[in-house]
$ cat input21.pdb   # PDB, N, CA and C atoms
ATOM      1  N   MET C   1       1.790  10.428  17.747
ATOM      2  CA  MET C   1       1.868   9.225  16.946
ATOM      3  C   MET C   1       3.114   9.292  16.071
ATOM      4  N   SER C   2       3.843   8.216  16.071
ATOM      5  CA  SER C   2       5.068   8.153  15.284
ATOM      6  C   SER C   2       4.895   7.135  14.166
ATOM      7  N   THR C   3       5.341   7.488  12.977
ATOM      8  CA  THR C   3       5.229   6.596  11.830
ATOM      9  C   THR C   3       6.593   6.034  11.496
ATOM     10  N   ASP C   4       6.670   4.719  11.378
ATOM     11  CA  ASP C   4       7.918   4.075  10.979
ATOM     12  C   ASP C   4       7.902   3.970   9.461
ATOM     13  N   TRP C   5       8.611   4.863   8.799
ATOM     14  CA  TRP C   5       8.600   4.922   7.347
ATOM     15  C   TRP C   5       9.344   3.757   6.724
ATOM     16  N   GLN C   6      10.123   3.022   7.494
ATOM     17  CA  GLN C   6      10.870   1.883   6.966
ATOM     18  C   GLN C   6      10.050   0.593   7.013
ATOM     19  N   ASP C   7       8.898   0.615   7.675
ATOM     20  CA  ASP C   7       8.050  -0.571   7.790
ATOM     21  C   ASP C   7       7.308  -0.801   6.477
ATOM     22  N   THR C   8       7.649  -1.874   5.779
ATOM     23  CA  THR C   8       7.008  -2.185   4.502
ATOM     24  C   THR C   8       6.128  -3.424   4.595
ATOM     25  N   SER C   9       5.829  -3.878   5.811
ATOM     26  CA  SER C   9       5.034  -5.090   5.961
ATOM     27  C   SER C   9       3.636  -4.937   5.367
ATOM     28  N   TRP C  10       3.067  -3.719   5.436
ATOM     29  CA  TRP C  10       1.732  -3.516   4.864
ATOM     30  C   TRP C  10       1.771  -3.700   3.350
ATOM     31  N   GLN C  11       2.871  -3.313   2.723
ATOM     32  CA  GLN C  11       2.987  -3.427   1.272
ATOM     33  C   GLN C  11       3.018  -4.891   0.847
ATOM     34  N   GLU C  12       3.760  -5.696   1.583
ATOM     35  CA  GLU C  12       3.832  -7.124   1.273
ATOM     36  C   GLU C  12       2.469  -7.788   1.465
ATOM     37  N   GLU C  13       1.796  -7.423   2.538
ATOM     38  CA  GLU C  13       0.464  -7.984   2.806
ATOM     39  C   GLU C  13      -0.542  -7.521   1.751
ATOM     40  N   PHE C  14      -0.460  -6.262   1.353
ATOM     41  CA  PHE C  14      -1.382  -5.703   0.359
ATOM     42  C   PHE C  14      -1.216  -6.384  -1.000
ATOM     43  N   LEU C  15       0.012  -6.749  -1.348
ATOM     44  CA  LEU C  15       0.244  -7.449  -2.620
ATOM     45  C   LEU C  15      -0.497  -8.784  -2.659
ATOM     46  N   ASP C  16      -0.670  -9.424  -1.507
ATOM     47  CA  ASP C  16      -1.361 -10.710  -1.440
ATOM     48  C   ASP C  16      -2.877 -10.569  -1.349
ATOM     49  N   MET C  17      -3.365  -9.378  -1.070
ATOM     50  CA  MET C  17      -4.795  -9.178  -0.850
ATOM     51  C   MET C  17      -5.607  -9.137  -2.143
ATOM     52  N   LYS C  18      -5.025  -8.653  -3.223
ATOM     53  CA  LYS C  18      -5.771  -8.493  -4.470
ATOM     54  C   LYS C  18      -4.801  -8.392  -5.635
ATOM     55  N   ALA C  19      -5.340  -8.426  -6.833
ATOM     56  CA  ALA C  19      -4.518  -8.261  -8.037
ATOM     57  C   ALA C  19      -4.203  -6.772  -8.221
ATOM     58  N   HIS C  20      -2.997  -6.486  -8.710
ATOM     59  CA  HIS C  20      -2.562  -5.107  -8.900
ATOM     60  C   HIS C  20      -2.034  -4.906 -10.305
ATOM     61  N   LYS C  21      -2.058  -3.666 -10.748
ATOM     62  CA  LYS C  21      -1.435  -3.306 -12.018
ATOM     63  C   LYS C  21       0.079  -3.454 -11.859
ATOM     64  N   PRO C  22       0.781  -3.773 -12.954
ATOM     65  CA  PRO C  22       2.241  -3.939 -12.862
ATOM     66  C   PRO C  22       2.967  -2.706 -12.292
ATOM     67  N   GLU C  23       2.499  -1.506 -12.648
ATOM     68  CA  GLU C  23       3.157  -0.307 -12.124
ATOM     69  C   GLU C  23       2.921  -0.137 -10.629
ATOM     70  N   ASP C  24       1.763  -0.609 -10.136
ATOM     71  CA  ASP C  24       1.501  -0.555  -8.699
ATOM     72  C   ASP C  24       2.367  -1.567  -7.955
ATOM     73  N   VAL C  25       2.550  -2.744  -8.540
ATOM     74  CA  VAL C  25       3.412  -3.763  -7.925
ATOM     75  C   VAL C  25       4.832  -3.221  -7.806
ATOM     76  N   LYS C  26       5.320  -2.598  -8.866
ATOM     77  CA  LYS C  26       6.672  -2.033  -8.854
ATOM     78  C   LYS C  26       6.785  -0.953  -7.770
ATOM     79  N   LEU C  27       5.790  -0.099  -7.665
ATOM     80  CA  LEU C  27       5.791   0.954  -6.661
ATOM     81  C   LEU C  27       5.783   0.367  -5.254
ATOM     82  N   LEU C  28       4.963  -0.645  -5.024
ATOM     83  CA  LEU C  28       4.892  -1.269  -3.709
ATOM     84  C   LEU C  28       6.192  -1.980  -3.341
ATOM     85  N   MET C  29       6.862  -2.554  -4.325
ATOM     86  CA  MET C  29       8.089  -3.297  -4.048
ATOM     87  C   MET C  29       9.320  -2.394  -3.951
ATOM     88  N   GLU C  30       9.387  -1.377  -4.788
ATOM     89  CA  GLU C  30      10.592  -0.551  -4.855
ATOM     90  C   GLU C  30      10.475   0.779  -4.123
ATOM     91  N   GLY C  31       9.259   1.217  -3.848
ATOM     92  CA  GLY C  31       9.072   2.482  -3.160
ATOM     93  C   GLY C  31       8.969   3.643  -4.135
ATOM     94  N   PRO C  32       8.599   4.804  -3.620
ATOM     95  CA  PRO C  32       8.411   5.971  -4.480
ATOM     96  C   PRO C  32       9.739   6.573  -4.930
ATOM     97  N   ARG C  33       9.727   7.142  -6.142
ATOM     98  CA  ARG C  33      10.919   7.801  -6.675
ATOM     99  C   ARG C  33      10.722   9.313  -6.781
ATOM    100  N   GLY C  34       9.523   9.764  -6.518
ATOM    101  CA  GLY C  34       9.247  11.196  -6.597
ATOM    102  C   GLY C  34       7.932  11.517  -5.911
ATOM    103  N   PHE C  35       7.528  12.759  -6.044
ATOM    104  CA  PHE C  35       6.318  13.237  -5.374
ATOM    105  C   PHE C  35       5.067  12.493  -5.841
ATOM    106  N   LEU C  36       4.905  12.330  -7.140
ATOM    107  CA  LEU C  36       3.705  11.660  -7.654
ATOM    108  C   LEU C  36       3.656  10.196  -7.222
ATOM    109  N   ASP C  37       4.805   9.542  -7.193
ATOM    110  CA  ASP C  37       4.858   8.165  -6.699
ATOM    111  C   ASP C  37       4.458   8.108  -5.226
ATOM    112  N   ALA C  38       4.911   9.079  -4.449
ATOM    113  CA  ALA C  38       4.569   9.122  -3.025
ATOM    114  C   ALA C  38       3.067   9.323  -2.834
ATOM    115  N   MET C  39       2.470  10.160  -3.673
ATOM    116  CA  MET C  39       1.022  10.371  -3.596
ATOM    117  C   MET C  39       0.279   9.082  -3.933
ATOM    118  N   LYS C  40       0.709   8.390  -4.977
ATOM    119  CA  LYS C  40       0.083   7.127  -5.373
ATOM    120  C   LYS C  40       0.249   6.078  -4.277
ATOM    121  N   LEU C  41       1.429   6.021  -3.664
ATOM    122  CA  LEU C  41       1.669   5.070  -2.587
ATOM    123  C   LEU C  41       0.757   5.363  -1.399
ATOM    124  N   GLY C  42       0.553   6.631  -1.111
ATOM    125  CA  GLY C  42      -0.377   7.012  -0.039
ATOM    126  C   GLY C  42      -1.794   6.568  -0.359
ATOM    127  N   SER C  43      -2.189   6.693  -1.614
ATOM    128  CA  SER C  43      -3.509   6.243  -2.049
ATOM    129  C   SER C  43      -3.640   4.727  -1.899
ATOM    130  N   LEU C  44      -2.602   4.001  -2.273
ATOM    131  CA  LEU C  44      -2.610   2.539  -2.120
ATOM    132  C   LEU C  44      -2.671   2.147  -0.651
ATOM    133  N   HIS C  45      -2.008   2.918   0.216
ATOM    134  CA  HIS C  45      -2.049   2.623   1.649
ATOM    135  C   HIS C  45      -3.461   2.815   2.200
ATOM    136  N   GLU C  46      -4.148   3.853   1.751
ATOM    137  CA  GLU C  46      -5.531   4.071   2.183
ATOM    138  C   GLU C  46      -6.431   2.928   1.713
ATOM    139  N   GLU C  47      -6.215   2.448   0.499
ATOM    140  CA  GLU C  47      -6.972   1.304  -0.002
ATOM    141  C   GLU C  47      -6.691   0.068   0.840
ATOM    142  N   TYR C  48      -5.435  -0.123   1.233
ATOM    143  CA  TYR C  48      -5.054  -1.240   2.101
ATOM    144  C   TYR C  48      -5.797  -1.166   3.431
ATOM    145  N   ILE C  49      -5.863   0.021   4.013
ATOM    146  CA  ILE C  49      -6.548   0.197   5.298
ATOM    147  C   ILE C  49      -8.026  -0.156   5.157
ATOM    148  N   ARG C  50      -8.675   0.298   4.059
ATOM    149  CA  ARG C  50     -10.092  -0.015   3.841
ATOM    150  C   ARG C  50     -10.310  -1.523   3.695
ATOM    151  N   LEU C  51      -9.454  -2.185   2.915
ATOM    152  CA  LEU C  51      -9.586  -3.632   2.744
ATOM    153  C   LEU C  51      -9.355  -4.374   4.048
ATOM    154  N   LYS C  52      -8.396  -3.919   4.831
ATOM    155  CA  LYS C  52      -8.083  -4.541   6.123
ATOM    156  C   LYS C  52      -9.279  -4.431   7.061
ATOM    157  N   LYS C  53      -9.918  -3.260   7.094
ATOM    158  CA  LYS C  53     -11.094  -3.076   7.951
ATOM    159  C   LYS C  53     -12.233  -3.975   7.490
ATOM    160  N   ARG C  54     -12.413  -4.067   6.170
ATOM    161  CA  ARG C  54     -13.472  -4.918   5.626
ATOM    162  C   ARG C  54     -13.245  -6.374   5.993
ATOM    163  N   GLN C  55     -12.001  -6.838   5.930
ATOM    164  CA  GLN C  55     -11.679  -8.219   6.274
ATOM    165  C   GLN C  55     -11.903  -8.475   7.769
ATOM    166  N   SER C  56     -11.602  -7.505   8.613
ATOM    167  CA  SER C  56     -11.765  -7.713  10.041
ATOM    168  C   SER C  56     -13.244  -7.708  10.450
ATOM    169  N   ASN C  57     -14.103  -7.087   9.634
ATOM    170  CA  ASN C  57     -15.532  -7.063   9.922
ATOM    171  C   ASN C  57     -16.230  -8.338   9.488
ATOM    172  N   GLU C  58     -15.597  -9.123   8.630
ATOM    173  CA  GLU C  58     -16.238 -10.351   8.153
ATOM    174  C   GLU C  58     -16.066 -11.498   9.094
TER     175      GLU C  58
END
$ encode --input "input21.pdb" --output "structure tokens"
Amino acid sequence: MSTDWQDTSWQEEFLDMKAHKPEDVKLLMEGPRGFLDAMKLGSLHEEYIRLKKRQSNE
């Protein structure tokens, strides 16, 4: 499995799915600047996957 790290379409879609904290919006729009930002972005991606699955089940 290959991951396209330049694909930000999930981030744009996730911003429209729910309300976010301002720091999360900045992270989703600008990308991570360090290790902790990358960890938070990974957490947000997992949340996106859960919401996407929930929407597809409805």
$ resolve_selection --input "input21.pdb" --expression "the PyMOL selection byres ((chain C and resi 39-52) around 8)" --output "JSON, numbers by chain"
{"C": [10, 11, 13, 14, 27, 28, 31, 32, 34, 35, 36, 37, 38, 53, 54, 55, 56, 57]}
$ select_by_dssp --input "input21.pdb" --residues "chain C" --states "helix (DSSP H, G or I)" --output "VMD selection string"
chain C and resid 9 to 17 22 to 30 35 to 57
$ write_last_selection --input "input21.pdb" --atoms "N, CA and C atoms" --output "short mmCIF file (atom, residue, chain, number, x, y, z; two decimals), keeping the file's coordinate frame"
data_model
loop_
_atom_site.label_atom_id
_atom_site.label_comp_id
_atom_site.auth_asym_id
_atom_site.auth_seq_id
_atom_site.Cartn_x
_atom_site.Cartn_y
_atom_site.Cartn_z
N SER C 9 5.83 -3.88 5.81
CA SER C 9 5.03 -5.09 5.96
C SER C 9 3.64 -4.94 5.37
N TRP C 10 3.07 -3.72 5.44
CA TRP C 10 1.73 -3.52 4.86
C TRP C 10 1.77 -3.70 3.35
N GLN C 11 2.87 -3.31 2.72
CA GLN C 11 2.99 -3.43 1.27
C GLN C 11 3.02 -4.89 0.85
N GLU C 12 3.76 -5.70 1.58
CA GLU C 12 3.83 -7.12 1.27
C GLU C 12 2.47 -7.79 1.46
N GLU C 13 1.80 -7.42 2.54
CA GLU C 13 0.46 -7.98 2.81
C GLU C 13 -0.54 -7.52 1.75
N PHE C 14 -0.46 -6.26 1.35
CA PHE C 14 -1.38 -5.70 0.36
C PHE C 14 -1.22 -6.38 -1.00
N LEU C 15 0.01 -6.75 -1.35
CA LEU C 15 0.24 -7.45 -2.62
C LEU C 15 -0.50 -8.78 -2.66
N ASP C 16 -0.67 -9.42 -1.51
CA ASP C 16 -1.36 -10.71 -1.44
C ASP C 16 -2.88 -10.57 -1.35
N MET C 17 -3.36 -9.38 -1.07
CA MET C 17 -4.80 -9.18 -0.85
C MET C 17 -5.61 -9.14 -2.14
N PRO C 22 0.78 -3.77 -12.95
CA PRO C 22 2.24 -3.94 -12.86
C PRO C 22 2.97 -2.71 -12.29
N GLU C 23 2.50 -1.51 -12.65
CA GLU C 23 3.16 -0.31 -12.12
C GLU C 23 2.92 -0.14 -10.63
N ASP C 24 1.76 -0.61 -10.14
CA ASP C 24 1.50 -0.56 -8.70
C ASP C 24 2.37 -1.57 -7.96
N VAL C 25 2.55 -2.74 -8.54
CA VAL C 25 3.41 -3.76 -7.92
C VAL C 25 4.83 -3.22 -7.81
N LYS C 26 5.32 -2.60 -8.87
CA LYS C 26 6.67 -2.03 -8.85
C LYS C 26 6.78 -0.95 -7.77
N LEU C 27 5.79 -0.10 -7.66
CA LEU C 27 5.79 0.95 -6.66
C LEU C 27 5.78 0.37 -5.25
N LEU C 28 4.96 -0.64 -5.02
CA LEU C 28 4.89 -1.27 -3.71
C LEU C 28 6.19 -1.98 -3.34
N MET C 29 6.86 -2.55 -4.32
CA MET C 29 8.09 -3.30 -4.05
C MET C 29 9.32 -2.39 -3.95
N GLU C 30 9.39 -1.38 -4.79
CA GLU C 30 10.59 -0.55 -4.86
C GLU C 30 10.48 0.78 -4.12
N PHE C 35 7.53 12.76 -6.04
CA PHE C 35 6.32 13.24 -5.37
C PHE C 35 5.07 12.49 -5.84
N LEU C 36 4.90 12.33 -7.14
CA LEU C 36 3.70 11.66 -7.65
C LEU C 36 3.66 10.20 -7.22
N ASP C 37 4.80 9.54 -7.19
CA ASP C 37 4.86 8.16 -6.70
C ASP C 37 4.46 8.11 -5.23
N ALA C 38 4.91 9.08 -4.45
CA ALA C 38 4.57 9.12 -3.02
C ALA C 38 3.07 9.32 -2.83
N MET C 39 2.47 10.16 -3.67
CA MET C 39 1.02 10.37 -3.60
C MET C 39 0.28 9.08 -3.93
N LYS C 40 0.71 8.39 -4.98
CA LYS C 40 0.08 7.13 -5.37
C LYS C 40 0.25 6.08 -4.28
N LEU C 41 1.43 6.02 -3.66
CA LEU C 41 1.67 5.07 -2.59
C LEU C 41 0.76 5.36 -1.40
N GLY C 42 0.55 6.63 -1.11
CA GLY C 42 -0.38 7.01 -0.04
C GLY C 42 -1.79 6.57 -0.36
N SER C 43 -2.19 6.69 -1.61
CA SER C 43 -3.51 6.24 -2.05
C SER C 43 -3.64 4.73 -1.90
N LEU C 44 -2.60 4.00 -2.27
CA LEU C 44 -2.61 2.54 -2.12
C LEU C 44 -2.67 2.15 -0.65
N HIS C 45 -2.01 2.92 0.22
CA HIS C 45 -2.05 2.62 1.65
C HIS C 45 -3.46 2.82 2.20
N GLU C 46 -4.15 3.85 1.75
CA GLU C 46 -5.53 4.07 2.18
C GLU C 46 -6.43 2.93 1.71
N GLU C 47 -6.22 2.45 0.50
CA GLU C 47 -6.97 1.30 0.00
C GLU C 47 -6.69 0.07 0.84
N TYR C 48 -5.44 -0.12 1.23
CA TYR C 48 -5.05 -1.24 2.10
C TYR C 48 -5.80 -1.17 3.43
N ILE C 49 -5.86 0.02 4.01
CA ILE C 49 -6.55 0.20 5.30
C ILE C 49 -8.03 -0.16 5.16
N ARG C 50 -8.68 0.30 4.06
CA ARG C 50 -10.09 -0.02 3.84
C ARG C 50 -10.31 -1.52 3.70
N LEU C 51 -9.45 -2.18 2.92
CA LEU C 51 -9.59 -3.63 2.74
C LEU C 51 -9.36 -4.37 4.05
N LYS C 52 -8.40 -3.92 4.83
CA LYS C 52 -8.08 -4.54 6.12
C LYS C 52 -9.28 -4.43 7.06
N LYS C 53 -9.92 -3.26 7.09
CA LYS C 53 -11.09 -3.08 7.95
C LYS C 53 -12.23 -3.98 7.49
N ARG C 54 -12.41 -4.07 6.17
CA ARG C 54 -13.47 -4.92 5.63
C ARG C 54 -13.24 -6.37 5.99
N GLN C 55 -12.00 -6.84 5.93
CA GLN C 55 -11.68 -8.22 6.27
C GLN C 55 -11.90 -8.48 7.77
N SER C 56 -11.60 -7.50 8.61
CA SER C 56 -11.76 -7.71 10.04
C SER C 56 -13.24 -7.71 10.45
N ASN C 57 -14.10 -7.09 9.63
CA ASN C 57 -15.53 -7.06 9.92
C ASN C 57 -16.23 -8.34 9.49
#
$ atom_distance --input "input21.pdb" --atom1 "atom CA of C:Arg33" --atom2 "atom CA of C:Lys18"
23.4 Å
$ atom_distance --input "input21.pdb" --atom1 "atom N of C:Thr8" --atom2 "atom C of C:Lys21"
19.3 Å
$ atom_distance --input "input21.pdb" --atom1 "atom C of C:Glu23" --atom2 "atom CA of C:Glu58"
28.7 Å
